[in-house]
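Shown next, in structure tokens, is the structure this report addresses.
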Amino acid sequence: MKTKNVLVILFSVVLFTNCFAQKESKKDKKDKKAEATEVAVPATPEVPAVPEVAVVTEECNINISLFNESAKNKQYADALVPWNAAYKDCPGANKVIYSRGREIVQWELSQAKDDATYTKVFEKLMGMYDNRIKYFGDDARYPTSWILGLKGLDYVQFAKNDETKKPAYEWLKKSVEGMGENSELDVIRIFLTVSNNIFKADATHAEKYISDFTKVSAVLDQIIANTALKTNAGAVQLKPALEQLFAQSGAADCNTLDKLYKEQVAQNLTNQDVLTNIVGLYKRVRCIESEVFFSAAVALYKIQPTEESAAALATMSYKKEEFAKAVSFYDEATKLATKAEDKAEYQFTNAQIVYKELNNMSRAREYARNSLEFKSNNGKAYLLIGSMYAKSRGIFDDPVLAKSVFWAAVDKFQKAKQVDPSVADDANDLIRTYSAYFPSKDDIFFQPQLKAGSSFFVGGWIGESTTCR
């Protein structure tokens, strides 16, 4: 009986299921056309999970207060324990965990008694910067790029057994690129120093090193141009030091520069900024006879005459023995230059060209005097004037009076070493040489106006008074 009832129930279930399936099938047929034209409704996008807000406990606040107060007073031993607790339990609670943490962990490094301890603390210091980026990398004033700069500085200072400090290179580079004119000067300086060290160890780094120098120079130029920046004065002092480092590195020999910049110049004949940087770089490393340099200078001059382009064209004209053109371009460079020292150098160069190539002593002296107006301690200008005086005996027919030019010449040599100790050796050599040609006692016997100690006017183009010896 029970078996019979079970069979009936099973039969009823099967029958109900078939009927339901048939009804669904008919409905499908009925709605088939509608389904074909129905627009699929896109799935509802997942709502991103809201990051959990860190809960800052009362204990964490107490630890922050404790280490901050101790660190302010440079009591780092007292600050270490509460700082460790805060850094571990609530690393995203407050930026002071990292600003004070740098001092505290640096002090902890100084207390390490063995290499194992030192390494552990050093790794904590590096990790601290990674966590600061994680929690506060979007800070408007001290963003990720600024934090990477500090990380690079500390790596360079505290990493042991690492001569090149290569891991710091990318951090410092990203910092300079990200911060621009707001970069810390120490970051700029150490970045180029690290790049220089890498190049010394690996010559294939030359192209990157040159690029790094160009980048650093551009940033320093921005800082120097912005007198409102606190780093302005420091940048003025830092730039020549880094230029000297670069020039002495040997990375930028003229052939290397030509290979790097030949195509770049060809592709940027109307780009003033690019051309200005290239011309400036060639000038700094004294590759001013390069054809690539000339091409860049000509293109730059066509866009807008600048000091760099005018000086470059002057050099090119001199190389082609177009001396009058060279003098003209150096005059224009003098007008466009902003630094008195550069103006002095251009005018002195003209003095040399006019004397040696155009054989015009009077005009050459004029240029030398112009140079002295811009740089009063330019001993080379006095040496040049003196040398021209010594070669001017022809202004007198009298052979004894003709020797008076040597007195005038020695006056200039003495003045040269007086204002510029760097030329003292050359000046003394010239004084010894030309003093031997002074009028002798026998000469003076027949020329009473040449009495020792008396004043004598040397005429001709010299037109100066001197003292008889």
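Chains: A, B, ... in order of the structure tokens. Residues: from 1 per chain. Ligands: from 1, in order shown.
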Range 41-251 of chain A: residues DSSP assigns to helix (DSSP H, G or I), reported as a ChimeraX atom specification: /A:58-72,76-89,96-110,115-136,144-158,167-182,185-201,203-225,232-249
Distance query range 436-441 of chain A at most 10 Å, only C-alpha atoms, self and fewer than 4 positions along chain excluded, as a ChimeraX atom specification: /A:390,399-407,410,431-432,445-447,450-452,468-469
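For range 215-219 of chain A, the residues within 8 Å (counting only C-alpha atoms, excluding itself and residues fewer than 4 positions away along the chain) are Val176, Gly180, Glu181, Ile188, Leu192, Ser211, Ile223, Lys239 and Asn277 of chain A.
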Quick one: contact table of range 115-154 of chain A to range 65-89 of chain A, 12 Å max, nearest atom pair and distance in Å to one decimal per residue, counting only C-alpha atoms, chain and number order, as a tab-separated table?
```
residue	atom	partner	partner_atom	distance
A:Val121	CA	A:Asn84	CA	11.6
A:Lys124	CA	A:Asn84	CA	10.5
A:Leu125	CA	A:Tyr87	CA	11.6
A:Gly127	CA	A:Tyr87	CA	11.1
A:Met128	CA	A:Tyr87	CA	8.7
A:Tyr129	CA	A:Tyr87	CA	11.9
A:Asn131	CA	A:Tyr87	CA	9.5
A:Arg132	CA	A:Tyr87	CA	10.5
A:Tyr135	CA	A:Tyr87	CA	11.8
```
Sorted by chain and rising residue number, list the residues of range 182-296 of chain A at most 8 Å from range 153-171 of chain A (counting only C-alpha atoms), each with its closest atom pair and distance in Å to one decimal, as CSV.
```
residue,atom,partner,partner_atom,distance
A:Asp186,CA,A:Leu153,CA,7.9
A:Val187,CA,A:Leu153,CA,6.7
A:Ile190,CA,A:Leu153,CA,7.2
A:Phe191,CA,A:Tyr169,CA,6.5
A:Val194,CA,A:Tyr169,CA,6.4
A:Ser195,CA,A:Tyr169,CA,6.9
A:Asn197,CA,A:Thr164,CA,5.5
A:Ile198,CA,A:Thr164,CA,5.6
A:Ala201,CA,A:Thr164,CA,7.5
```
Could you save the residues just selected, with C-alpha atoms, as a short mmCIF file (atom, residue, chain, number, x, y, z; two decimals), in the first residue's frame?
```cif
data_model
loop_
_atom_site.label_atom_id
_atom_site.label_comp_id
_atom_site.auth_asym_id
_atom_site.auth_seq_id
_atom_site.Cartn_x
_atom_site.Cartn_y
_atom_site.Cartn_z
CA ASP A 186 71.16 69.33 -1.21
CA VAL A 187 69.04 66.98 -3.32
CA ILE A 190 73.85 64.99 -4.29
CA PHE A 191 71.88 63.84 -7.33
CA VAL A 194 75.84 60.34 -7.44
CA SER A 195 75.43 60.45 -11.22
CA ASN A 197 80.18 58.62 -9.29
CA ILE A 198 78.18 56.12 -11.32
CA ALA A 201 82.46 53.39 -12.26
#
```
Test item: residues at most 9 Å from Met316 in chain A, only C-alpha atoms, excluding those fewer than 6 positions along its chain, as a ChimeraX atom specification: /A:288-289,291,294,322,326
Export, as a compact mmCIF listing (two decimals), in the first residue's frame, the selected residues with C-alpha atoms.
```
# COMPACT_ATOMS: atom_id res chain seq x y z
CA ILE A 288 83.18 75.91 -28.96
CA GLU A 289 84.85 74.77 -32.17
CA GLU A 291 80.27 72.12 -35.97
CA PHE A 294 78.01 76.28 -34.58
CA GLU A 322 86.83 86.47 -40.54
CA ALA A 326 84.39 88.01 -34.89
```
Given only C-alpha atoms as the counted atoms, nearest of A:Tyr98, A:Tyr261, A:Phe122, A:Tyr389 to Glu464 in chain A: A:Tyr389
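Using only C-alpha atoms for every distance, the candidate list A:Lys120, A:Arg369, A:Lys302, A:Lys415 yields A:Lys120 as the residue closest to Val105 in chain A.
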Exercise: Arg365 in chain A partners within 9 Å, only C-alpha atoms, chain neighbours under 6 positions left out, as a ChimeraX atom specification: /A:351,355,381,384-385,388
For N, CA and C atoms, I'd like the residues from the last selection saved as a compact mmCIF listing (two decimals), in the first residue's frame.
```txt
# COMPACT_ATOMS: atom_id res chain seq x y z
N ALA A 351 90.34 92.47 -27.66
CA ALA A 351 91.65 93.13 -27.58
C ALA A 351 92.73 92.25 -28.18
N TYR A 355 94.73 93.08 -31.72
CA TYR A 355 96.20 93.21 -31.64
C TYR A 355 96.90 92.19 -32.53
N ALA A 381 94.62 91.81 -18.92
CA ALA A 381 94.46 93.01 -19.74
C ALA A 381 95.68 93.93 -19.58
N LEU A 384 98.63 92.49 -21.46
CA LEU A 384 98.53 92.72 -22.90
C LEU A 384 98.93 94.15 -23.26
N ILE A 385 98.42 95.10 -22.49
CA ILE A 385 98.77 96.50 -22.77
C ILE A 385 100.28 96.70 -22.63
N MET A 388 102.16 95.33 -25.59
CA MET A 388 102.05 96.19 -26.78
C MET A 388 102.97 97.41 -26.64
```
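The gap separating CA of Thr204 in chain A from CA of Leu260 in chain A is 13.0 Å, in Å to one decimal.
Look at Asn182 in chain A: the protein and nucleic acid residues within 12 Å of it, using only C-alpha atoms and passing over chain neighbours fewer than 5 places away, are Arg141, Tyr142, Pro143, Ser145, Trp146, Gly149, Ser175, Val176, Glu177, Val187, Ile188, Val219, Leu220, Gln222, Ile223, Ile224, Asn226, Ala228, Leu229, Lys230, Thr231, Asn232 and Ala235 of chain A.
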Can you write out the residues you just picked, keeping N, CA and C atoms, as a short mmCIF file (atom, residue, chain, number, x, y, z; two decimals), in the first residue's frame?
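Final file, result-v7.cif:
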```cif
data_model
loop_
_atom_site.label_atom_id
_atom_site.label_comp_id
_atom_site.auth_asym_id
_atom_site.auth_seq_id
_atom_site.Cartn_x
_atom_site.Cartn_y
_atom_site.Cartn_z
N ARG A 141 52.43 70.06 0.18
CA ARG A 141 53.71 70.73 0.41
C ARG A 141 54.88 69.77 0.35
N TYR A 142 54.68 68.57 0.88
CA TYR A 142 55.76 67.58 0.91
C TYR A 142 55.29 66.29 0.24
N PRO A 143 55.17 66.33 -1.11
CA PRO A 143 54.65 65.17 -1.84
C PRO A 143 55.67 64.04 -1.96
N SER A 145 57.59 63.12 -4.37
CA SER A 145 58.89 63.48 -4.95
C SER A 145 59.80 64.12 -3.91
N TRP A 146 59.24 64.90 -3.02
CA TRP A 146 60.04 65.52 -1.95
C TRP A 146 60.54 64.45 -0.98
N GLY A 149 63.43 62.53 -2.23
CA GLY A 149 64.68 63.28 -2.10
C GLY A 149 65.34 63.02 -0.76
N SER A 175 62.95 63.06 -7.52
CA SER A 175 62.73 64.23 -6.66
C SER A 175 62.99 65.52 -7.41
N VAL A 176 64.12 65.59 -8.13
CA VAL A 176 64.45 66.80 -8.88
C VAL A 176 63.43 67.04 -9.99
N GLU A 177 63.04 65.98 -10.68
CA GLU A 177 62.06 66.11 -11.76
C GLU A 177 60.70 66.54 -11.22
N VAL A 187 69.50 68.06 -2.43
CA VAL A 187 69.04 66.98 -3.32
C VAL A 187 69.64 67.17 -4.71
N ILE A 188 69.63 68.39 -5.21
CA ILE A 188 70.21 68.68 -6.53
C ILE A 188 71.70 68.34 -6.54
N VAL A 219 67.16 73.52 -13.86
CA VAL A 219 66.47 73.77 -12.58
C VAL A 219 67.15 74.90 -11.81
N LEU A 220 68.47 74.87 -11.77
CA LEU A 220 69.21 75.93 -11.07
C LEU A 220 68.97 77.28 -11.74
N GLN A 222 66.25 78.20 -13.20
CA GLN A 222 64.92 78.62 -12.75
C GLN A 222 64.99 79.23 -11.36
N ILE A 223 65.73 78.57 -10.48
CA ILE A 223 65.84 79.07 -9.10
C ILE A 223 66.54 80.43 -9.08
N ILE A 224 67.61 80.55 -9.87
CA ILE A 224 68.37 81.80 -9.92
C ILE A 224 67.51 82.93 -10.46
N ASN A 226 64.32 83.21 -10.16
CA ASN A 226 63.23 83.52 -9.22
C ASN A 226 63.81 84.03 -7.90
N ALA A 228 62.53 85.42 -5.52
CA ALA A 228 61.66 85.27 -4.35
C ALA A 228 61.93 83.97 -3.59
N LEU A 229 62.61 83.02 -4.23
CA LEU A 229 62.88 81.74 -3.59
C LEU A 229 63.99 81.88 -2.55
N LYS A 230 63.82 81.21 -1.42
CA LYS A 230 64.83 81.25 -0.36
C LYS A 230 66.14 80.61 -0.81
N THR A 231 66.04 79.72 -1.76
CA THR A 231 67.22 78.99 -2.23
C THR A 231 67.97 79.75 -3.33
N ASN A 232 67.52 80.94 -3.67
CA ASN A 232 68.09 81.69 -4.79
C ASN A 232 69.60 81.91 -4.63
N ALA A 235 71.66 78.76 -4.88
CA ALA A 235 71.74 78.25 -6.25
C ALA A 235 72.81 78.98 -7.05
#
```
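Ranking A:Gly234, A:Gly386, A:Gly379, A:Gly394 by their shortest atom-to-atom distance to Ala364 in chain A, with only C-alpha atoms included, puts A:Gly386 first.
Nearest residue to Tyr434 in chain A among A:Val419, A:Val354, A:Ala93, A:Ala409 is A:Ala409, counting only C-alpha atoms.
You will find CA of Ala310 in chain A at 5.1 Å from CA of Ala333 in chain A.
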